[in-house]
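Asker: Contents of coords31.cif (mmCIF, C-alpha atoms):
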data_input
loop_
_atom_site.label_atom_id
_atom_site.label_comp_id
_atom_site.auth_asym_id
_atom_site.auth_seq_id
_atom_site.Cartn_x
_atom_site.Cartn_y
_atom_site.Cartn_z
CA MET H 1 -71.85 -9.02 -152.34
CA ASN H 2 -71.82 -10.30 -148.75
CA ASN H 3 -74.58 -12.82 -148.14
CA ASN H 4 -73.77 -13.51 -144.49
CA VAL H 5 -77.02 -13.26 -142.53
CA VAL H 6 -76.69 -11.10 -139.42
CA LEU H 7 -80.34 -11.06 -138.34
CA LYS H 8 -83.52 -13.06 -138.90
CA ALA H 9 -87.11 -12.18 -138.11
CA GLY H 10 -90.41 -14.01 -138.34
CA PHE H 11 -93.57 -12.20 -139.49
CA PHE H 12 -97.05 -13.68 -139.28
CA GLY H 13 -100.57 -12.36 -138.91
CA CYS H 14 -104.30 -13.05 -138.77
CA THR H 15 -104.12 -15.98 -136.37
CA HIS H 16 -107.87 -15.60 -135.66
CA ALA H 17 -107.60 -17.69 -132.49
CA GLY H 18 -111.05 -18.89 -131.48
CA TYR H 19 -112.49 -18.96 -135.00
CA GLY H 20 -114.93 -21.80 -135.60
CA MET H 21 -116.55 -22.65 -138.91
CA ARG H 22 -120.31 -23.09 -139.03
CA GLY H 23 -121.84 -26.23 -140.50
CA MET H 24 -119.08 -28.72 -139.67
CA ALA H 25 -120.12 -32.35 -140.04
CA ARG H 26 -119.05 -33.10 -136.48
CA LYS H 27 -117.14 -31.72 -133.53
CA HIS H 28 -113.52 -32.40 -132.74
CA PRO H 29 -113.03 -35.30 -130.27
CA SER H 30 -112.28 -32.62 -127.64
CA GLY H 31 -115.73 -31.14 -128.16
CA LEU H 32 -114.40 -28.03 -129.89
CA ASN H 33 -115.07 -26.87 -133.42
CA ILE H 34 -112.59 -28.63 -135.72
CA ARG H 35 -111.49 -25.38 -137.33
CA GLU H 36 -110.83 -23.80 -133.95
CA VAL H 37 -108.47 -26.67 -133.20
CA ASP H 38 -106.90 -26.21 -136.65
CA GLY H 39 -106.12 -22.60 -135.81
CA TYR H 40 -104.29 -23.52 -132.63
CA VAL H 41 -102.36 -26.31 -134.35
CA THR H 42 -101.26 -24.04 -137.21
CA TYR H 43 -100.18 -21.31 -134.80
CA GLU H 44 -98.05 -23.81 -132.88
CA LEU H 45 -96.50 -25.15 -136.09
CA VAL H 46 -95.60 -21.60 -137.15
CA GLN H 47 -94.20 -20.81 -133.72
CA ARG H 48 -92.06 -23.95 -133.68
CA ASP H 49 -90.81 -23.30 -137.22
CA MET H 50 -89.80 -19.74 -136.37
CA ILE H 51 -87.91 -20.98 -133.31
CA ALA H 52 -86.21 -23.73 -135.33
CA SER H 53 -85.20 -21.09 -137.90
CA GLU H 54 -83.48 -19.15 -135.08
CA VAL H 55 -85.26 -15.87 -135.66
CA ASN H 56 -84.02 -12.97 -133.53
CA PHE H 57 -87.49 -11.52 -133.08
CA GLN H 58 -91.10 -12.03 -134.13
CA VAL H 59 -93.76 -9.66 -135.43
CA ASN H 60 -97.44 -10.51 -135.10
CA GLY H 61 -99.32 -8.44 -137.68
CA GLY H 62 -102.66 -8.31 -135.87
CA ASP H 63 -106.03 -10.11 -135.64
CA THR H 64 -104.57 -12.54 -133.15
CA PHE H 65 -108.10 -13.25 -131.94
CA HIS H 66 -111.16 -13.67 -134.11
CA VAL H 67 -113.32 -11.39 -131.98
CA HIS H 68 -112.77 -8.29 -129.89
CA HIS H 69 -113.81 -10.11 -126.70
CA PRO H 70 -112.10 -13.50 -127.18
CA PRO H 71 -113.22 -16.46 -125.08
CA VAL H 72 -110.97 -17.46 -122.21
CA ARG H 73 -110.23 -20.72 -124.06
CA ALA H 74 -108.72 -18.81 -127.02
CA VAL H 75 -106.66 -16.56 -124.76
CA ASN H 76 -105.38 -19.56 -122.83
CA ALA H 77 -104.45 -21.40 -126.04
CA GLU H 78 -102.61 -18.37 -127.44
CA ARG H 79 -100.59 -17.95 -124.28
CA ARG H 80 -99.79 -21.65 -124.09
CA ILE H 81 -98.34 -21.51 -127.61
CA ASP H 82 -96.58 -18.19 -127.02
CA ALA H 83 -94.84 -19.83 -124.07
CA LEU H 84 -92.66 -21.57 -126.67
CA ARG H 85 -91.36 -18.16 -127.74
CA ILE H 86 -90.83 -17.10 -124.14
CA THR H 87 -88.83 -20.24 -123.39
CA ALA H 88 -86.71 -19.60 -126.49
CA GLY H 89 -86.02 -16.04 -125.31
CA ILE H 90 -87.30 -14.39 -128.51
CA PRO H 91 -88.73 -10.85 -128.26
CA ALA H 92 -91.93 -10.01 -130.11
CA ILE H 93 -94.08 -7.11 -131.27
CA ALA H 94 -97.85 -7.58 -131.71
CA ASN H 95 -99.97 -5.16 -133.74
CA THR H 96 -103.68 -4.34 -133.53
CA GLY H 97 -105.90 -5.57 -136.39
CA ASN H 98 -109.50 -4.83 -137.30
CA HIS H 99 -110.80 -7.92 -135.48
CA ASP H 100 -108.97 -6.79 -132.34
CA VAL H 101 -110.84 -3.52 -131.99
CA GLY H 102 -114.49 -3.24 -131.01
CA ALA H 103 -117.08 -0.53 -131.36
CA GLY H 104 -116.73 2.70 -129.43
CA THR H 105 -113.73 3.37 -127.22
CA SER H 106 -113.05 -0.21 -126.10
CA VAL H 107 -109.43 -1.22 -125.68
CA SER H 108 -108.08 -3.54 -128.38
CA ALA H 109 -107.87 -7.27 -127.69
CA ALA H 110 -104.19 -6.85 -128.54
CA ALA H 111 -103.85 -5.53 -124.99
CA LEU H 112 -104.02 -9.17 -123.90
CA LEU H 113 -100.70 -9.69 -125.72
CA HIS H 114 -98.90 -6.80 -124.05
CA GLN H 115 -96.46 -8.55 -121.71
CA PRO H 116 -93.22 -6.53 -121.69
CA GLU H 117 -91.92 -8.57 -118.78
CA LEU H 118 -92.21 -11.65 -121.02
CA GLY H 119 -90.58 -10.02 -124.02
CA ARG H 120 -93.73 -9.07 -125.95
CA CYS H 121 -94.99 -5.53 -126.58
CA ALA H 122 -98.32 -4.81 -128.24
CA VAL H 123 -99.31 -1.75 -130.24
CA PHE H 124 -102.75 -0.67 -129.04
CA VAL H 125 -104.52 2.52 -128.00
CA ASP H 126 -105.09 2.98 -124.28
CA PRO H 127 -104.76 6.50 -122.83
CA ALA H 128 -104.66 4.98 -119.34
CA ARG H 129 -101.28 3.34 -119.91
CA PRO H 130 -98.46 4.89 -117.84
CA ASP H 131 -95.93 7.05 -119.65
CA ASP H 132 -93.13 4.53 -119.15
CA ASP H 133 -95.22 1.94 -121.00
CA MET H 134 -95.72 4.11 -124.09
CA PHE H 135 -93.80 4.03 -127.35
CA GLY H 136 -93.78 6.97 -129.76
CA PRO H 137 -94.11 8.82 -131.92
CA VAL H 138 -97.93 8.32 -131.57
CA PRO H 139 -98.52 5.59 -128.97
CA GLY H 140 -100.98 2.93 -130.05
CA TYR H 141 -101.35 4.41 -133.53
CA TYR H 142 -97.80 4.58 -134.88
CA GLU H 143 -94.89 3.23 -132.88
CA VAL H 144 -91.23 2.66 -133.70
CA HIS H 145 -89.53 -0.35 -132.10
CA GLN H 146 -85.94 -1.57 -132.19
CA PRO H 147 -86.29 -5.28 -131.29
CA VAL H 148 -82.55 -6.01 -131.14
CA PRO H 149 -80.79 -3.08 -129.38
CA GLU H 150 -77.37 -3.72 -130.93
CA VAL H 151 -78.76 -3.79 -134.51
CA PRO H 152 -80.02 -0.51 -136.06
CA LEU H 153 -83.16 -2.12 -137.48
CA PHE H 154 -86.37 -0.24 -136.82
CA LEU H 155 -89.93 -1.50 -137.06
CA HIS H 156 -92.39 1.26 -137.92
CA VAL H 157 -95.69 -0.21 -136.76
CA VAL H 158 -98.96 1.45 -137.78
CA SER H 159 -101.95 -0.23 -136.17
CA HIS H 160 -105.42 -0.63 -137.63
CA SER H 161 -106.36 2.28 -135.37
CA GLY H 162 -103.58 4.35 -136.93
CA LEU H 163 -105.13 3.95 -140.40
CA ASP H 164 -108.38 5.61 -139.34
CA PRO H 165 -108.94 8.46 -141.83
CA ARG H 166 -110.78 10.43 -139.14
CA LEU H 167 -107.66 10.88 -136.99
CA GLN H 168 -106.79 14.16 -138.68
CA GLU H 169 -110.08 15.61 -137.47
CA ARG H 170 -108.78 14.98 -133.94
CA GLY H 171 -105.41 16.55 -134.67
CA ILE H 172 -103.58 13.21 -134.83
CA GLU H 173 -101.19 12.89 -137.76
CA ILE H 174 -99.77 9.54 -138.81
CA ASP H 175 -96.74 10.09 -141.01
CA PRO H 176 -94.34 7.11 -140.93
CA ARG H 177 -90.90 7.81 -142.34
CA PRO H 178 -87.60 5.85 -142.34
CA ILE H 179 -84.88 6.69 -139.85
CA SER H 180 -81.66 7.75 -141.55
CA GLY H 181 -78.75 5.36 -141.17
CA GLY H 182 -80.84 2.36 -140.17
CA VAL H 183 -82.73 -0.55 -141.68
CA ASN H 184 -86.40 0.38 -141.76
CA ILE H 185 -89.35 -1.99 -142.03
CA LEU H 186 -92.90 -0.64 -142.33
CA VAL H 187 -95.52 -2.86 -140.66
CA SER H 188 -99.26 -2.28 -140.71
CA HIS H 189 -102.65 -3.97 -140.65
CA GLY H 190 -104.71 -2.91 -143.63
CA ILE H 191 -105.23 -3.32 -147.36
CA PHE H 192 -102.59 -1.86 -149.68
CA SER H 193 -104.29 0.79 -151.80
CA ALA H 194 -102.45 -0.20 -154.99
CA ASP H 195 -103.36 -3.89 -154.78
CA GLY H 196 -105.53 -4.32 -157.85
CA ARG H 197 -106.82 -7.69 -156.62
CA LEU H 198 -108.60 -6.11 -153.72
CA PHE H 199 -111.22 -3.77 -155.10
CA GLY H 200 -114.25 -4.99 -153.22
CA ALA H 201 -112.08 -7.16 -150.97
CA ASP H 202 -113.92 -5.76 -147.96
CA ASP H 203 -116.76 -8.08 -148.98
CA ARG H 204 -114.47 -11.07 -148.59
CA HIS H 205 -112.06 -10.12 -145.84
CA GLY H 206 -113.68 -7.46 -143.71
CA ALA H 207 -110.97 -4.99 -144.70
CA GLU H 208 -111.94 -1.39 -143.96
CA ARG H 209 -108.77 0.70 -143.94
CA LEU H 210 -106.10 1.33 -146.53
CA VAL H 211 -102.33 1.58 -146.39
CA PRO H 212 -101.51 4.37 -148.90
CA GLU H 213 -99.34 3.44 -151.86
CA GLU H 214 -97.41 6.65 -151.30
CA TRP H 215 -96.08 5.29 -148.00
CA ALA H 216 -94.41 2.37 -149.79
CA ASP H 217 -92.26 4.75 -151.84
CA ARG H 218 -90.67 6.52 -148.88
CA GLY H 219 -87.50 4.45 -148.88
CA TRP H 220 -88.37 1.49 -146.67
CA ASP H 221 -86.21 -1.57 -146.93
CA GLN H 222 -89.39 -3.66 -147.00
CA THR H 223 -93.07 -3.28 -146.11
CA ILE H 224 -94.93 -6.17 -144.49
CA LEU H 225 -98.69 -5.99 -144.07
CA SER H 226 -101.42 -8.16 -142.62
CA ASP H 227 -105.19 -8.22 -143.25
CA TYR H 228 -105.66 -9.85 -146.66
CA HIS H 229 -105.50 -13.59 -146.02
CA THR H 230 -103.49 -14.67 -149.07
CA PRO H 231 -99.72 -14.55 -148.39
CA GLY H 232 -97.05 -13.25 -150.71
CA PRO H 233 -95.84 -10.08 -152.42
CA ILE H 234 -98.33 -7.54 -153.72
CA PRO H 235 -98.44 -7.77 -157.55
CA GLY H 236 -96.23 -5.04 -158.94
CA PHE H 237 -94.37 -4.61 -155.65
CA GLY H 238 -92.52 -7.91 -155.27
CA PRO H 239 -89.07 -9.27 -156.09
CA ALA H 240 -90.30 -10.52 -159.47
CA ASP H 241 -91.16 -6.92 -160.34
CA GLY H 242 -87.55 -5.77 -160.09
CA ARG H 243 -87.83 -4.30 -156.60
CA GLU H 244 -84.95 -5.37 -154.38
CA ARG H 245 -85.87 -2.76 -151.76
CA GLY H 246 -89.29 -1.41 -151.04
CA GLN H 247 -91.18 -4.64 -151.65
CA VAL H 248 -94.68 -4.93 -150.19
CA TRP H 249 -95.74 -8.28 -148.72
CA MET H 250 -98.83 -9.75 -147.09
CA THR H 251 -98.31 -12.25 -144.29
CA GLY H 252 -101.58 -14.00 -145.10
CA SER H 253 -103.50 -15.77 -142.35
CA LEU H 254 -102.87 -18.89 -140.32
CA ILE H 255 -106.31 -20.28 -141.11
CA GLY H 256 -108.78 -19.86 -143.96
CA ARG H 257 -112.25 -18.71 -142.93
CA GLY H 258 -114.56 -21.05 -144.77
CA PHE H 259 -114.73 -20.25 -148.46
CA SER H 260 -114.63 -16.48 -148.03
CA ASP H 261 -110.81 -16.67 -148.18
CA ASP H 262 -108.69 -18.01 -151.02
CA ILE H 263 -107.68 -21.66 -150.76
CA CYS H 264 -103.94 -21.16 -150.41
CA ASP H 265 -100.86 -21.94 -148.35
CA ARG H 266 -100.62 -20.86 -144.72
CA GLY H 267 -97.52 -19.94 -142.77
CA TRP H 268 -95.16 -17.05 -142.05
CA LEU H 269 -92.54 -14.81 -143.65
CA LEU H 270 -88.82 -15.14 -142.92
CA MET H 271 -87.01 -11.82 -143.16
CA GLU H 272 -83.22 -11.88 -143.34
CA LEU H 273 -80.74 -9.01 -143.07
CA THR H 274 -77.28 -9.60 -144.56
CA GLU H 275 -74.01 -7.86 -143.73
CA ASP H 276 -74.19 -5.71 -146.84
CA GLY H 277 -77.55 -4.29 -145.70
CA ARG H 278 -79.86 -6.23 -147.99
CA VAL H 279 -83.22 -7.37 -146.63
CA THR H 280 -84.91 -10.40 -148.18
CA VAL H 281 -88.30 -11.97 -147.47
CA THR H 282 -89.06 -15.67 -147.97
CA PRO H 283 -92.43 -17.38 -147.40
CA ARG H 284 -92.38 -20.40 -145.10
CA TYR H 285 -95.42 -22.68 -145.20
CA VAL H 286 -96.80 -25.21 -142.74
CA TRP H 287 -99.63 -27.74 -142.76
CA ARG H 288 -103.17 -26.80 -143.65
CA ARG H 289 -106.30 -28.94 -143.78
CA PRO H 290 -107.11 -30.08 -147.34
CA GLN H 291 -109.90 -27.98 -148.81
CA ILE H 292 -111.59 -28.35 -152.20
CA ASP H 293 -114.05 -26.12 -153.99
CA PHE H 294 -115.21 -28.40 -156.81
CA ASP H 295 -115.57 -27.02 -160.32
CA VAL H 296 -118.85 -25.14 -160.63
CA ILE H 297 -121.72 -27.12 -162.14
CA ASP H 298 -123.67 -25.16 -164.76
CA ALA H 299 -127.26 -26.26 -164.22
CA ARG H 300 -128.55 -24.87 -167.52
CA GLY H 301 -129.93 -27.67 -169.65
CA LYS H 302 -129.42 -30.24 -166.90
CA THR H 303 -131.99 -32.30 -165.05
CA ILE H 304 -131.88 -32.93 -161.31
CA ASP H 305 -130.64 -36.45 -162.10
CA ASP H 306 -127.81 -35.01 -164.22
CA ILE H 307 -126.68 -32.76 -161.38
CA ASN H 308 -127.06 -35.53 -158.83
CA LEU H 309 -124.89 -37.86 -160.92
CA ILE H 310 -122.08 -35.29 -161.19
CA VAL H 311 -122.07 -34.56 -157.47
CA ARG H 312 -122.29 -38.23 -156.46
CA GLU H 313 -119.40 -39.17 -158.77
CA ARG H 314 -117.23 -36.42 -157.32
CA LEU H 315 -118.03 -37.36 -153.73
CA ALA H 316 -117.40 -41.05 -154.46
CA SER H 317 -113.90 -40.41 -155.83
CA GLN H 318 -112.27 -40.90 -152.40
CA ASP H 319 -113.11 -41.07 -148.69
CA TRP H 320 -111.97 -37.47 -147.96
CA TRP H 321 -109.62 -38.33 -145.14
CA ASP H 322 -106.08 -36.97 -144.73
CA ASP H 323 -103.72 -38.89 -142.45
CA GLU H 324 -101.46 -35.91 -141.75
CA SER H 325 -104.41 -33.82 -140.60
CA ALA H 326 -105.60 -36.67 -138.41
CA GLU H 327 -102.17 -37.01 -136.80
CA LEU H 328 -101.77 -33.28 -136.17
CA THR H 329 -105.30 -32.38 -135.12
CA GLY H 330 -107.17 -35.54 -134.23
CA ASP H 331 -109.50 -35.38 -137.25
CA GLY H 332 -108.49 -35.96 -140.86
CA GLY H 333 -111.62 -34.85 -142.68
CA TYR H 334 -111.45 -32.64 -145.78
CA ILE H 335 -113.40 -29.42 -146.28
CA LEU H 336 -115.58 -29.65 -149.41
CA ARG H 337 -117.97 -27.40 -151.30
CA GLN H 338 -119.89 -27.66 -154.56
CA LYS H 339 -121.25 -24.52 -156.23
CA ILE H 340 -124.11 -24.93 -158.67
CA ALA H 341 -124.71 -22.07 -161.09
CA HIS H 342 -127.72 -20.78 -163.01
CA THR H 343 -130.29 -22.93 -161.23
CA THR H 344 -134.01 -22.43 -161.68
CA ASN H 345 -136.35 -22.26 -158.74
CA ALA H 346 -137.55 -25.80 -159.49
CA GLN H 347 -133.99 -27.12 -159.67
CA ARG H 348 -133.14 -25.57 -156.33
CA HIS H 349 -136.10 -27.28 -154.70
CA GLY H 350 -135.11 -30.61 -156.25
CA ILE H 351 -131.48 -30.25 -155.22
CA ARG H 352 -132.42 -29.45 -151.63
CA ALA H 353 -134.23 -32.76 -151.48
CA LEU H 354 -130.89 -34.47 -152.18
CA ALA H 355 -129.04 -32.71 -149.36
CA ALA H 356 -129.21 -35.59 -146.89
CA GLU H 357 -128.03 -38.13 -149.48
CA TRP H 358 -125.11 -35.94 -150.48
CA ALA H 359 -124.09 -35.45 -146.84
CA VAL H 360 -123.83 -39.23 -146.47
CA ALA H 361 -121.94 -39.51 -149.77
CA ALA H 362 -119.37 -36.97 -148.50
CA GLY H 363 -118.05 -39.78 -146.35
CA ARG H 364 -115.47 -38.74 -143.77
CA ALA H 365 -115.28 -35.09 -144.83
CA ALA H 366 -115.26 -32.68 -141.91
CA TYR H 367 -117.35 -30.21 -143.88
CA TRP H 368 -119.56 -30.54 -146.92
CA ALA H 369 -121.92 -27.98 -148.43
CA PHE H 370 -123.40 -26.89 -151.72
CA ALA H 371 -124.14 -23.31 -152.67
CA TRP H 372 -125.93 -21.41 -155.41
CA GLU H 373 -124.05 -19.20 -157.84
CA ASP H 374 -125.93 -16.73 -160.04
CA PRO H 375 -129.36 -18.34 -159.53
CA LEU H 376 -131.82 -17.63 -162.32
CA PRO H 377 -134.85 -15.43 -161.60
CA ASN H 378 -138.05 -17.22 -160.71
CA ASN H 379 -141.31 -16.58 -162.48
CA HIS H 380 -141.79 -13.37 -160.55
CA GLY H 381 -138.43 -11.80 -161.37
CA SER H 382 -136.52 -12.32 -158.12
CA SER H 383 -133.08 -13.91 -158.36
CA ALA H 384 -132.12 -13.44 -154.73
CA LEU H 385 -135.14 -14.87 -152.95
CA GLU H 386 -136.00 -18.52 -152.57
CA ARG H 387 -139.49 -19.97 -152.20
CA THR H 388 -139.78 -22.15 -149.14
CA PRO H 389 -141.66 -25.41 -149.74
CA ARG H 390 -144.48 -26.14 -147.35
CA GLN H 391 -144.89 -29.42 -145.57
CA HIS H 392 -148.56 -29.70 -146.54
CA ASN H 393 -150.58 -29.53 -149.73
CA ASN H 394 -150.41 -25.94 -150.92
CA GLU H 395 -152.36 -25.97 -154.16
CA SER H 396 -153.98 -22.58 -154.78
CA ARG H 397 -152.32 -21.23 -151.59
CA PRO H 398 -149.68 -18.47 -151.57
CA ARG H 399 -146.06 -19.60 -151.31
CA SER H 400 -143.61 -17.48 -149.33
CA LEU H 401 -140.57 -15.76 -150.71
CA ASP H 402 -138.68 -16.37 -147.46
CA LEU H 403 -136.40 -13.40 -146.89
CA ALA H 404 -135.32 -14.68 -143.47
CA HIS H 405 -134.21 -17.97 -145.01
CA ALA H 406 -132.28 -16.19 -147.77
CA PHE H 407 -130.52 -14.03 -145.15
CA THR H 408 -129.60 -17.07 -143.05
CA GLU H 409 -128.10 -18.83 -146.08
CA ARG H 410 -125.81 -15.86 -146.68
CA LEU H 411 -124.35 -15.45 -143.18
CA ASP H 412 -120.99 -16.78 -144.41
CA GLN H 413 -121.00 -15.24 -147.87
CA GLY H 414 -120.42 -11.91 -149.59
CA ARG H 415 -121.29 -8.50 -148.20
CA ILE H 416 -123.48 -9.84 -145.38
CA ALA H 417 -120.59 -11.95 -144.08
CA ALA H 418 -118.17 -9.02 -144.35
CA ILE H 419 -120.43 -6.76 -142.31
CA LEU H 420 -121.04 -9.40 -139.65
CA ARG H 421 -117.32 -10.21 -139.36
CA GLY H 422 -116.64 -6.60 -138.47
CA MET H 423 -118.92 -6.80 -135.43
CA ALA H 424 -117.97 -7.91 -131.95
CA GLU H 425 -119.41 -11.29 -130.99
CA ASP H 426 -121.73 -9.81 -128.37
CA ILE H 427 -123.17 -7.48 -131.02
CA ARG H 428 -123.24 -9.86 -133.96
CA LYS H 429 -125.55 -12.49 -132.45
CA PRO H 430 -128.33 -10.03 -131.44
CA VAL H 431 -128.05 -8.34 -134.86
CA ILE H 432 -128.52 -11.68 -136.64
CA ALA H 433 -131.47 -12.64 -134.46
CA ARG H 434 -133.18 -9.27 -134.82
CA THR H 435 -132.62 -9.18 -138.60
CA GLN H 436 -134.06 -12.66 -138.99
CA GLN H 437 -137.11 -11.64 -136.97
CA MET H 438 -137.68 -8.45 -138.98
CA LEU H 439 -137.28 -10.21 -142.34
CA HIS H 440 -139.69 -12.92 -141.29
CA GLU H 441 -142.27 -10.27 -140.48
CA LEU H 442 -141.64 -8.56 -143.82
CA THR H 443 -141.84 -11.75 -145.93
CA PRO H 444 -143.95 -11.02 -149.04
CA THR H 445 -146.15 -13.63 -150.66
CA ASP H 446 -146.28 -15.01 -154.14
CA PRO H 447 -149.96 -15.57 -155.19
CA ARG H 448 -149.55 -18.70 -157.27
#
Re-express the file's structure as structure tokens.
Answerer:
Amino acid sequence: MNNNVVLKAGFFGCTHAGYGMRGMARKHPSGLNIREVDGYVTYELVQRDMIASEVNFQVNGGDTFHVHHPPVRAVNAERRIDALRITAGIPAIANTGNHDVGAGTSVSAAALLHQPELGRCAVFVDPARPDDDMFGPVPGYYEVHQPVPEVPLFLHVVSHSGLDPRLQERGIEIDPRPISGGVNILVSHGIFSADGRLFGADDRHGAERLVPEEWADRGWDQTILSDYHTPGPIPGFGPADGRERGQVWMTGSLIGRGFSDDICDRGWLLMELTEDGRVTVTPRYVWRRPQIDFDVIDARGKTIDDINLIVRERLASQDWWDDESAELTGDGGYILRQKIAHTTNAQRHGIRALAAEWAVAAGRAAYWAFAWEDPLPNNHGSSALERTPRQHNNESRPRSLDLAHAFTERLDQGRIAAILRGMAEDIRKPVIARTQQMLHELTPTDPR
């Protein structure tokens, strides 16, 4: 067995440049959202680590930007960091992800990454591109690239657009297959259909399109996907499952989006090709901001004072400051959340009254929040709606079941968050505002 490495490649995905987390305790000293700065820092750390590892080429798996129309600041930051790759003379391929494409026939934000003269080609649909700027077999949907001309290694890149099940209705067939005599790597942006962890993952990750399991069994040396934000091999399709060839990996993301993503390592995948033709994949991790989701508090049988004591003790256990994060980003605060389960309506009202005290107790944390899990129904049978306390005496007056408030509380959670994440920024904000207005007008009353 010859273990001499003849080629290295770096794979990463879901950079989400421009993402900012709502509800941060403060802004970054620069005035930006702390998590936006985190994203840029992580991307630069990954870029520098790939360069230090002497990769021969890079593959960006898609969702480079958090929204289809990224702000100029995010584009500028991405290009500033990519300049490291350009200086190192490393070629790159960038795919289109679901966050890169907007509604209708808009061109993918991945088009901003298409800079062939600077060694980077992007896979995106644009019929207006000249013929000499197209790559087959189906430009923008499924392209085959050979990053290092003297090495017969082929990247078969299927974009998010190429996974659209409606393409067949338009006479477009996406049928990726290995090239005989070469090393073949399948790359795509979507959820692997045989990943048993991901039933319902569209609620948590905005995933909409599937990479068929059948594709993975076509004889690829390896398959590397992006979209799901937890890195590593797909269970049942990794090296621990006895598959030397034909493994299926997820790059993960460079930043976690609040608590909708798993709390896990962030980084990139090192792919190595040895002289005997073997292809191995190794995760490489970089810094991430410390994040804690405290053990859920079961409110059943507990008083408000009981719950308050538990939360205050947890928040008092340290000052929630990380020196490494402070050195790298300019702010060392942790990200913290406490879920409280099976609360009654009365408990929820009492706990809300403690919110300001808890925020102070969170010390130097960059983010602190509490959230309900499986709230108990109120006296009128609704488990999803919260009564809003009035600021004046409301004896014998109706109390509102505030639908608009309940909707606002769920903007970063569950199905509502998944739907909103799939919208372009210029669509999402009006949709939120209009929905809030309509729900306020529809708010029923509770005649207590």
Asker: May I ask which of the residues H:Asn33, H:Ser317, H:Asn3, H:Thr15 is the closest one to Thr96 (chain H), counting only C-alpha atoms?
Answerer: H:Thr15
Asker: Between region 43-68 of chain H and region 111-117 of chain H, at 12 Å or less, what are the per-residue closest atom pairs and their distances in Å? Count all atoms listed in the file, order by chain and rising residue number, and return it as a Markdown table.
Answerer:
| residue | atom | partner | partner_atom | distance |
| --- | --- | --- | --- | --- |
| H:Val59 | CA | H:Leu113 | CA | 11.9 |
| H:Asn60 | CA | H:Leu113 | CA | 10.0 |
| H:Gly62 | CA | H:Leu113 | CA | 10.4 |
| H:Asp63 | CA | H:Leu113 | CA | 11.3 |
| H:Thr64 | CA | H:Leu113 | CA | 8.8 |
| H:Phe65 | CA | H:Leu112 | CA | 9.9 |
| H:His68 | CA | H:Ala111 | CA | 10.5 |
Asker: Evaluating the PyMOL selection byres ((chain H and resi 36) around 8) on the displayed file yields which residues, as a list of chain:residue names?
Answerer: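 Those residues are H:Ala17, H:Gly18, H:Tyr19, H:Gly20, H:Met21, H:Leu32, H:Asn33, H:Ile34, H:Arg35, H:Val37, H:Asp38, H:Gly39, H:Tyr40.
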Asker: From the options H:Leu186, H:Val138, H:Ile432, H:Cys14, which residue's atoms come nearest to Ile255 (chain H), counting all atoms listed in the file?
Answerer: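 Of H:Leu186, H:Val138, H:Ile432, H:Cys14, the one nearest Ile255 (chain H), counting all atoms listed in the file, is H:Cys14.
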Asker: Using all atoms listed in the file, which of H:Tyr228, H:Phe192, H:Trp368, H:Trp287 sits nearest Trp215 (chain H)?
Answerer: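 Closest residue, counting all atoms listed in the file: H:Phe192.
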Asker: On this structure, which residues satisfy the PyMOL selection byres ((chain H and resi 50) around 10), written as a ChimeraX atom specification?
Answerer: /H:8-12,44-49,51-58,85,90,268-270,284
Asker: CA of Gly332 (chain H) and CA of Thr42 (chain H) are how many Å apart?
Answerer: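 Computing the Euclidean distance for CA of Gly332 (chain H) and CA of Thr42 (chain H) yields 14.4 Å.
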Asker: Could you tell me how far CA of Gln222 (chain H) sits from CA of His145 (chain H), in Å to one decimal place?
Answerer: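 Between these atoms lies a distance of 15.3 Å.
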Asker: Which residue, H:Ala365, H:Ala299, H:Ile416, H:Ile93, has the smallest gap to Gly13 (chain H) when you use all atoms listed in the file?
Answerer: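 Among H:Ala365, H:Ala299, H:Ile416, H:Ile93, it is H:Ile93 that comes nearest to Gly13 (chain H).
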Asker: Mind telling me what the PyMOL selection byres ((chain H and resi 243) around 12) catches here, as a PyMOL selection string?
Answerer: chain H and resi 216-217+219-223+233-242+244-249+278-281
Asker: Work out how far CA of Gly97 (chain H) is from CA of Met250 (chain H), in Å to one decimal.
Answerer: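 Going from CA of Met250 (chain H) over to CA of Gly97 (chain H), I get 13.5 Å.
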Asker: Mind listing as a PyMOL selection string all residues within 12 Å of (-106.3, 3.5, -143.7), counting all atoms listed in the file?
Answerer: chain H and resi 97-98+141+158-168+174-175+188-193+207-213+215+227
Asker: Using only C-alpha atoms, which residues sit within 10 Å of Trp372 (chain H) once same-chain residues fewer than 2 positions away are excluded, as a list in words?
Answerer: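 These residues fall inside the cut-off: Val296, Ile297, Gln338, Lys339, Ile340, Ala341, His342, Thr343, Arg348, Phe370, Asp374, Pro375, Leu376 and Glu409 of chain H.
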Asker: Taking only C-alpha atoms into account, which of H:Ala25, H:Val187, H:Ala346, H:Ala353 comes nearest Lys302 (chain H)?
Answerer: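 Closest to Lys302 (chain H) of all the choices is H:Ala346.
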